[in-house]
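Text of the file model_6.cif, holding mmCIF, C-alpha atoms:
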data_entry
#
loop_
_atom_site.label_atom_id
_atom_site.label_comp_id
_atom_site.auth_asym_id
_atom_site.auth_seq_id
_atom_site.Cartn_x
_atom_site.Cartn_y
_atom_site.Cartn_z
CA ASN A 214 3.30 34.57 6.32
CA MET A 215 3.17 30.96 5.09
CA ASP A 216 6.01 31.67 2.65
CA LEU A 217 8.18 32.19 5.73
CA PHE A 218 6.84 28.94 7.17
CA ARG A 219 7.90 27.16 3.99
CA PHE A 220 11.28 28.90 4.01
CA TYR A 221 12.13 27.80 7.52
CA CYS A 222 10.92 24.25 6.88
CA GLY A 223 13.62 23.94 4.24
CA ARG A 224 11.16 23.60 1.37
CA GLY A 225 12.96 25.84 -1.04
CA GLY A 226 16.59 24.82 -0.74
CA GLU A 227 17.08 26.64 2.57
CA LYS A 228 18.42 25.06 5.74
CA MET A 229 15.64 23.75 7.92
CA ASP A 230 15.02 25.72 11.10
CA LYS A 231 12.10 24.15 12.93
CA ASN A 232 12.27 26.58 15.82
CA ALA A 233 11.98 29.59 13.53
CA SER A 234 9.16 27.89 11.61
CA ARG A 235 7.23 27.24 14.81
CA LYS A 236 7.81 30.73 16.19
CA LEU A 237 6.74 32.56 13.03
CA THR A 238 3.71 30.36 12.48
CA MET A 239 2.52 30.89 16.05
CA GLN A 240 3.03 34.66 15.67
CA ALA A 241 0.99 34.66 12.48
CA ALA A 242 -1.74 32.59 14.16
CA ALA A 243 -1.90 35.08 17.04
CA LEU A 244 -2.50 37.82 14.48
CA GLY A 245 -5.44 35.88 13.04
CA HIS A 246 -3.78 34.29 9.99
CA GLN A 247 -6.12 31.36 9.37
CA SER A 248 -3.67 29.10 7.55
CA ALA A 249 -1.22 29.61 10.40
CA ARG A 250 -3.96 28.73 12.92
CA ALA A 251 -4.68 25.55 10.99
CA GLU A 252 -0.98 24.69 10.96
CA CYS A 253 -0.74 25.22 14.72
CA TYR A 254 -3.68 22.91 15.41
CA TYR A 255 -2.28 20.35 12.97
CA ARG A 256 1.12 20.28 14.67
CA GLY A 257 0.12 21.14 18.23
CA TRP A 258 2.12 24.37 18.27
CA GLY A 259 0.96 26.53 21.18
CA VAL A 260 -2.39 24.76 21.28
CA GLU A 261 -3.65 21.25 21.93
CA GLN A 262 -3.17 19.28 18.74
CA SER A 263 -6.43 18.74 16.88
CA TYR A 264 -6.54 17.48 13.32
CA GLU A 265 -10.29 18.06 13.37
CA ARG A 266 -9.95 21.78 14.15
CA SER A 267 -7.17 22.12 11.60
CA PHE A 268 -9.36 20.48 8.97
CA SER A 269 -12.37 22.69 9.79
CA ILE A 270 -10.27 25.83 9.31
CA CYS A 271 -8.71 24.51 6.11
CA ILE A 272 -12.03 23.62 4.49
CA VAL A 273 -13.27 27.19 4.96
CA GLU A 274 -10.05 28.80 3.75
CA ALA A 275 -9.58 26.37 0.87
CA THR A 276 -13.00 27.18 -0.56
CA LYS A 277 -11.95 30.85 -0.48
CA GLY A 278 -9.01 29.98 -2.72
CA ASN A 279 -6.19 29.95 -0.15
CA PRO A 280 -3.50 27.74 -1.75
CA HIS A 281 -1.84 26.64 1.50
CA ALA A 282 -5.21 25.67 2.97
CA GLN A 283 -5.96 23.75 -0.24
CA PHE A 284 -2.65 21.93 0.09
CA LYS A 285 -3.24 21.17 3.77
CA LEU A 286 -6.73 19.91 2.98
CA GLY A 287 -5.13 17.52 0.50
CA VAL A 288 -2.79 16.29 3.23
CA CYS A 289 -5.72 15.74 5.61
CA TYR A 290 -7.64 13.73 3.02
CA GLU A 291 -4.58 11.73 1.98
CA ARG A 292 -3.62 10.79 5.54
CA GLY A 293 -7.05 10.68 7.14
CA ARG A 294 -6.31 13.42 9.64
CA GLY A 295 -9.43 15.13 10.93
CA VAL A 296 -11.49 13.49 8.21
CA GLN A 297 -11.97 10.06 6.68
CA LYS A 298 -9.13 9.17 4.34
CA ASN A 299 -10.02 9.92 0.71
CA PRO A 300 -7.08 9.84 -1.75
CA GLU A 301 -9.18 11.06 -4.67
CA ARG A 302 -10.22 14.21 -2.80
CA ALA A 303 -6.61 14.66 -1.70
CA VAL A 304 -5.49 14.79 -5.32
CA LYS A 305 -8.30 17.22 -6.16
CA TRP A 306 -7.12 19.70 -3.53
CA TYR A 307 -3.45 19.21 -4.37
CA HIS A 308 -4.32 20.12 -7.95
CA LYS A 309 -6.13 23.27 -6.84
CA ALA A 310 -3.12 24.36 -4.77
CA ALA A 311 -0.71 23.39 -7.55
CA GLU A 312 -2.60 25.53 -10.05
CA GLN A 313 -1.73 28.50 -7.84
CA GLY A 314 1.96 27.59 -7.77
CA HIS A 315 2.12 25.87 -4.38
CA VAL A 316 5.48 24.09 -4.50
CA SER A 317 4.74 21.44 -1.87
CA ALA A 318 1.51 20.58 -3.72
CA TRP A 319 3.55 19.92 -6.86
CA GLY A 320 5.78 17.61 -4.84
CA ASN A 321 2.90 15.71 -3.29
CA LEU A 322 1.20 15.33 -6.65
CA GLY A 323 4.44 13.80 -7.89
CA CYS A 324 4.21 11.24 -5.08
CA CYS A 325 0.55 10.54 -5.87
CA TYR A 326 1.23 9.88 -9.54
CA GLU A 327 4.36 7.86 -8.81
CA GLU A 328 2.69 5.63 -6.23
CA GLY A 329 -0.89 5.56 -7.57
CA VAL A 330 -2.48 7.41 -4.64
CA GLY A 331 -5.92 8.64 -5.76
CA VAL A 332 -4.88 8.42 -9.42
CA PRO A 333 -3.51 5.72 -11.73
CA VAL A 334 0.27 5.35 -11.65
CA ASN A 335 1.83 7.72 -14.17
CA THR A 336 5.60 8.02 -13.85
CA LYS A 337 5.81 10.64 -16.60
CA LYS A 338 3.43 12.96 -14.73
CA ALA A 339 5.20 12.23 -11.45
CA ILE A 340 8.50 13.38 -12.93
CA GLN A 341 6.85 16.49 -14.40
CA TYR A 342 5.51 17.54 -10.98
CA TYR A 343 8.78 16.75 -9.23
CA GLN A 344 10.63 18.83 -11.80
CA MET A 345 8.26 21.76 -11.26
CA ALA A 346 9.00 21.66 -7.54
CA ALA A 347 12.71 21.15 -8.14
CA SER A 348 12.81 24.21 -10.40
CA HIS A 349 11.93 26.23 -7.29
CA GLY A 350 14.78 24.74 -5.29
CA ASP A 351 12.72 22.14 -3.44
CA VAL A 352 15.22 19.72 -1.85
CA LEU A 353 12.72 16.89 -1.34
CA ALA A 354 11.83 17.11 -5.03
CA TYR A 355 15.53 16.66 -5.88
CA PHE A 356 15.56 13.48 -3.82
CA ASN A 357 12.29 12.20 -5.26
CA LEU A 358 13.58 12.72 -8.80
CA GLY A 359 16.66 10.72 -7.90
CA ALA A 360 14.56 7.89 -6.51
CA CYS A 361 12.24 8.02 -9.51
CA TYR A 362 15.05 7.84 -12.06
CA GLU A 363 16.75 5.06 -10.12
CA GLY A 364 13.52 3.09 -10.41
CA LEU A 365 13.72 3.65 -14.18
CA TRP A 366 17.31 2.32 -14.19
CA ASP A 367 18.64 5.72 -15.25
CA TYR A 368 21.50 5.85 -12.76
CA SER A 369 23.19 8.86 -14.32
CA GLU A 370 20.08 11.02 -13.90
CA ALA A 371 19.41 9.50 -10.46
CA GLN A 372 22.91 10.42 -9.31
CA LYS A 373 22.49 13.96 -10.63
CA TRP A 374 19.41 14.59 -8.47
CA PHE A 375 20.62 12.68 -5.43
CA ARG A 376 23.77 14.81 -5.55
CA LYS A 377 21.78 18.05 -5.56
CA ALA A 378 19.78 16.89 -2.55
CA ALA A 379 22.89 15.59 -0.78
CA LEU A 380 24.75 18.87 -1.21
CA ALA A 381 21.72 20.64 0.25
CA GLY A 382 22.14 18.53 3.39
CA TYR A 383 19.47 15.86 2.79
CA ALA A 384 20.78 12.82 4.68
CA ASP A 385 18.92 10.12 2.72
CA ALA A 386 20.43 11.49 -0.49
CA GLN A 387 23.89 11.50 1.07
CA TYR A 388 23.50 7.79 1.74
CA GLU A 389 22.27 7.16 -1.79
CA MET A 390 25.28 8.99 -3.19
CA GLY A 391 27.53 6.77 -1.10
CA ARG A 392 25.78 3.71 -2.48
CA LEU A 393 25.84 4.82 -6.12
CA THR A 394 29.30 6.42 -6.18
CA PRO A 395 32.40 4.33 -7.06
CA PRO A 396 34.18 3.09 -3.90
CA VAL A 397 37.10 5.47 -4.29
CA ARG A 398 34.78 8.45 -3.64
CA ASN A 399 31.82 7.13 -1.68
CA LYS A 400 33.56 7.44 1.71
CA MET A 401 32.86 11.19 1.70
CA TRP A 402 29.08 10.70 1.45
CA TYR A 403 28.95 7.97 4.09
CA GLN A 404 30.96 10.18 6.44
CA MET A 405 28.32 12.91 6.03
CA VAL A 406 25.64 10.43 7.05
CA LYS A 407 27.74 9.12 9.92
CA ARG A 408 28.35 12.62 11.28
CA ARG A 409 24.65 13.36 11.23
CA SER A 410 23.88 10.03 12.87
CA ALA A 411 26.40 10.65 15.63
CA ALA A 412 24.97 14.12 16.24
CA THR A 413 21.44 12.79 16.68
CA ALA A 414 22.42 9.63 18.58
CA SER A 415 20.12 6.59 18.53
CA LYS A 416 17.00 8.71 17.98
CA ASP A 417 17.80 8.87 14.27
CA PRO A 418 17.08 5.80 12.10
CA LEU A 419 20.02 6.81 9.89
CA ILE A 420 22.24 4.92 12.34
CA ASN A 421 20.56 1.71 11.20
CA ALA A 422 21.01 2.73 7.58
CA PHE A 423 24.68 3.40 8.11
CA PHE A 424 25.26 -0.05 9.58
CA GLY A 425 23.74 -1.90 6.66
CA LEU A 426 19.98 -2.04 7.32
CA ARG A 427 19.14 0.12 4.31
CA LEU A 428 16.33 -2.08 3.05
CA LEU A 429 14.50 -1.62 6.33
CA PHE A 430 15.21 2.08 6.43
CA ARG A 431 14.03 2.79 2.87
CA ALA A 432 10.49 2.10 4.08
CA THR A 433 10.77 5.10 6.40
CA TRP A 434 11.58 7.61 3.64
CA ASN A 435 9.43 10.68 3.93
CA ARG A 436 8.72 11.30 0.26
CA CYS A 437 5.82 13.75 0.72
CA TYR A 438 5.14 16.90 2.71
CA ALA A 439 2.68 16.76 5.59
#
Could you rewrite the structure in this file as structure tokens?
Amino acid sequence: NMDLFRFYCGRGGEKMDKNASRKLTMQAAALGHQSARAECYYRGWGVEQSYERSFSICIVEATKGNPHAQFKLGVCYERGRGVQKNPERAVKWYHKAAEQGHVSAWGNLGCCYEEGVGVPVNTKKAIQYYQMAASHGDVLAYFNLGACYEGLWDYSEAQKWFRKAALAGYADAQYEMGRLTPPVRNKMWYQMVKRRSAATASKDPLINAFFGLRLLFRATWNRCYA
């Protein structure tokens, strides 16, 4: 069940559990669930990773109207995985998935319209799609709304959305709250980032962020789902 996959990936306000996500997706794939098979090939879960095989499954399932396959096809076209990169086709398939209520497709469409990927830049539309995803508890959409409003110099609204993402455990948002919060209160948010950094040791780029290299780290933000 790809709803369970989304649940355990933390895409609806839930705590991320990658092990549970992998286990359930592999179980579904073993039972013949085609979207799960595509996900396994895409991520190399239980099989040799092959973007090409993932894409070939997605194209069949997407044309049948499967919203997760449509979303994944959009990801493949946007990132050039298993197929030549084509941002315009990516947006087309994101729209098809979004029309069926696929939350991650709403989020990725927000990124496309904010950054001008496959479509002209349209901040108003970007915010609309982020808000649609956020209304379903999508933590990444909370963060993206915060970043979007900060870019519009609306710091009050930016703080509101960063706070929601930070309280859901999103480390980038915790840092942003530390940066935007008056000094008397920002220590709490930085400590949350520091604890996470210490727990993950030097493998986590948040250590660099914590020690003042935020401009370098901002480039590594994962604003879209893959």
- Let me know the residues the PyMOL selection byres ((chain A and resi 373) around 12) catches in the file above, as a list in words. Tyr355, Phe356, Asn357, Leu358, Gly359, Ala360, Cys361, Tyr362, Glu363, Asp367, Tyr368, Ser369, Glu370, Ala371, Gln372, Trp374, Phe375, Arg376, Lys377, Ala378, Ala379, Leu380, Ala386, Glu389, Met390, Leu393 and Thr394 of chain A
- Message: Expand the PyMOL selection byres ((chain A and resi 288) around 9) into the explicit residue set it covers here, and present it as a VMD selection string.
- Response: chain A and resid 283 to 287 289 to 294 303 306 to 307 321 438 to 439
- Task: To verify the selection step, state as JSON, numbers by chain which residues the PyMOL selection byres ((chain A and resi 317) around 10) yields on this input.
- Result: {"A": [219, 224, 225, 281, 284, 285, 307, 310, 311, 314, 315, 316, 318, 319, 320, 321, 322, 323, 342, 343, 346, 351, 353, 354, 437, 438, 439]}
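Atom pair atom CA of Arg302 of chain A / atom CA of Thr276 of chain A: separated by 13.5 Å.
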- Message: Using all atoms listed in the file for the distances, tell me which of A:Glu252, A:Glu312, A:Glu274, A:Glu261 is nearest to Met345 of chain A.
- Response: A:Glu312
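The two atoms in question, atom CA of Lys305 of chain A and atom CA of Leu237 of chain A, are spaced 28.8 Å apart.
For the pair atom CA of Ser269 of chain A and atom CA of Gln247 of chain A, the separation is 10.7 Å.
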N, CA, C and O atoms modelled onto segment 284-299 of chain A, as an mmCIF file, keeping the file's coordinate frame:
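The resulting file, part_36.cif, is reproduced below:
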data_model
loop_
_atom_site.group_PDB
_atom_site.id
_atom_site.type_symbol
_atom_site.label_atom_id
_atom_site.label_comp_id
_atom_site.auth_asym_id
_atom_site.auth_seq_id
_atom_site.Cartn_x
_atom_site.Cartn_y
_atom_site.Cartn_z
ATOM 1 N N PHE A 284 -3.680 22.957 -0.053
ATOM 2 C CA PHE A 284 -2.650 21.930 0.090
ATOM 3 C C PHE A 284 -2.858 21.128 1.372
ATOM 4 O O PHE A 284 -2.826 19.897 1.369
ATOM 5 N N LYS A 285 -3.086 21.841 2.486
ATOM 6 C CA LYS A 285 -3.240 21.170 3.770
ATOM 7 C C LYS A 285 -4.483 20.282 3.789
ATOM 8 O O LYS A 285 -4.506 19.219 4.405
ATOM 9 N N LEU A 286 -5.520 20.721 3.091
ATOM 10 C CA LEU A 286 -6.730 19.910 2.980
ATOM 11 C C LEU A 286 -6.398 18.608 2.241
ATOM 12 O O LEU A 286 -6.880 17.529 2.610
ATOM 13 N N GLY A 287 -5.577 18.723 1.208
ATOM 14 C CA GLY A 287 -5.130 17.520 0.500
ATOM 15 C C GLY A 287 -4.399 16.567 1.417
ATOM 16 O O GLY A 287 -4.627 15.349 1.393
ATOM 17 N N VAL A 288 -3.521 17.114 2.272
ATOM 18 C CA VAL A 288 -2.790 16.290 3.230
ATOM 19 C C VAL A 288 -3.747 15.578 4.181
ATOM 20 O O VAL A 288 -3.618 14.378 4.460
ATOM 21 N N CYS A 289 -4.737 16.330 4.678
ATOM 22 C CA CYS A 289 -5.720 15.740 5.610
ATOM 23 C C CYS A 289 -6.476 14.593 4.959
ATOM 24 O O CYS A 289 -6.665 13.528 5.569
ATOM 25 N N TYR A 290 -6.904 14.790 3.715
ATOM 26 C CA TYR A 290 -7.640 13.730 3.020
ATOM 27 C C TYR A 290 -6.729 12.546 2.695
ATOM 28 O O TYR A 290 -7.146 11.390 2.759
ATOM 29 N N GLU A 291 -5.489 12.822 2.334
ATOM 30 C CA GLU A 291 -4.580 11.730 1.980
ATOM 31 C C GLU A 291 -4.253 10.863 3.198
ATOM 32 O O GLU A 291 -4.188 9.642 3.115
ATOM 33 N N ARG A 292 -4.074 11.507 4.351
ATOM 34 C CA ARG A 292 -3.620 10.790 5.540
ATOM 35 C C ARG A 292 -4.736 10.457 6.529
ATOM 36 O O ARG A 292 -4.508 9.804 7.531
ATOM 37 N N GLY A 293 -5.937 10.944 6.239
ATOM 38 C CA GLY A 293 -7.050 10.680 7.140
ATOM 39 C C GLY A 293 -6.911 11.391 8.463
ATOM 40 O O GLY A 293 -7.195 10.828 9.523
ATOM 41 N N ARG A 294 -6.510 12.642 8.427
ATOM 42 C CA ARG A 294 -6.310 13.420 9.640
ATOM 43 C C ARG A 294 -7.420 14.475 9.762
ATOM 44 O O ARG A 294 -7.465 15.427 9.008
ATOM 45 N N GLY A 295 -8.301 14.232 10.726
ATOM 46 C CA GLY A 295 -9.430 15.130 10.930
ATOM 47 C C GLY A 295 -10.604 14.833 10.031
ATOM 48 O O GLY A 295 -11.647 15.491 10.121
ATOM 49 N N VAL A 296 -10.446 13.856 9.161
ATOM 50 C CA VAL A 296 -11.490 13.490 8.210
ATOM 51 C C VAL A 296 -11.192 12.076 7.733
ATOM 52 O O VAL A 296 -10.050 11.603 7.847
ATOM 53 N N GLN A 297 -12.200 11.405 7.209
ATOM 54 C CA GLN A 297 -11.970 10.060 6.680
ATOM 55 C C GLN A 297 -11.033 10.127 5.485
ATOM 56 O O GLN A 297 -11.137 11.009 4.637
ATOM 57 N N LYS A 298 -10.114 9.191 5.422
ATOM 58 C CA LYS A 298 -9.130 9.170 4.340
ATOM 59 C C LYS A 298 -9.838 9.058 2.986
ATOM 60 O O LYS A 298 -10.746 8.245 2.795
ATOM 61 N N ASN A 299 -9.425 9.919 2.045
ATOM 62 C CA ASN A 299 -10.020 9.920 0.710
ATOM 63 C C ASN A 299 -8.968 10.391 -0.290
ATOM 64 O O ASN A 299 -8.834 11.590 -0.556
#
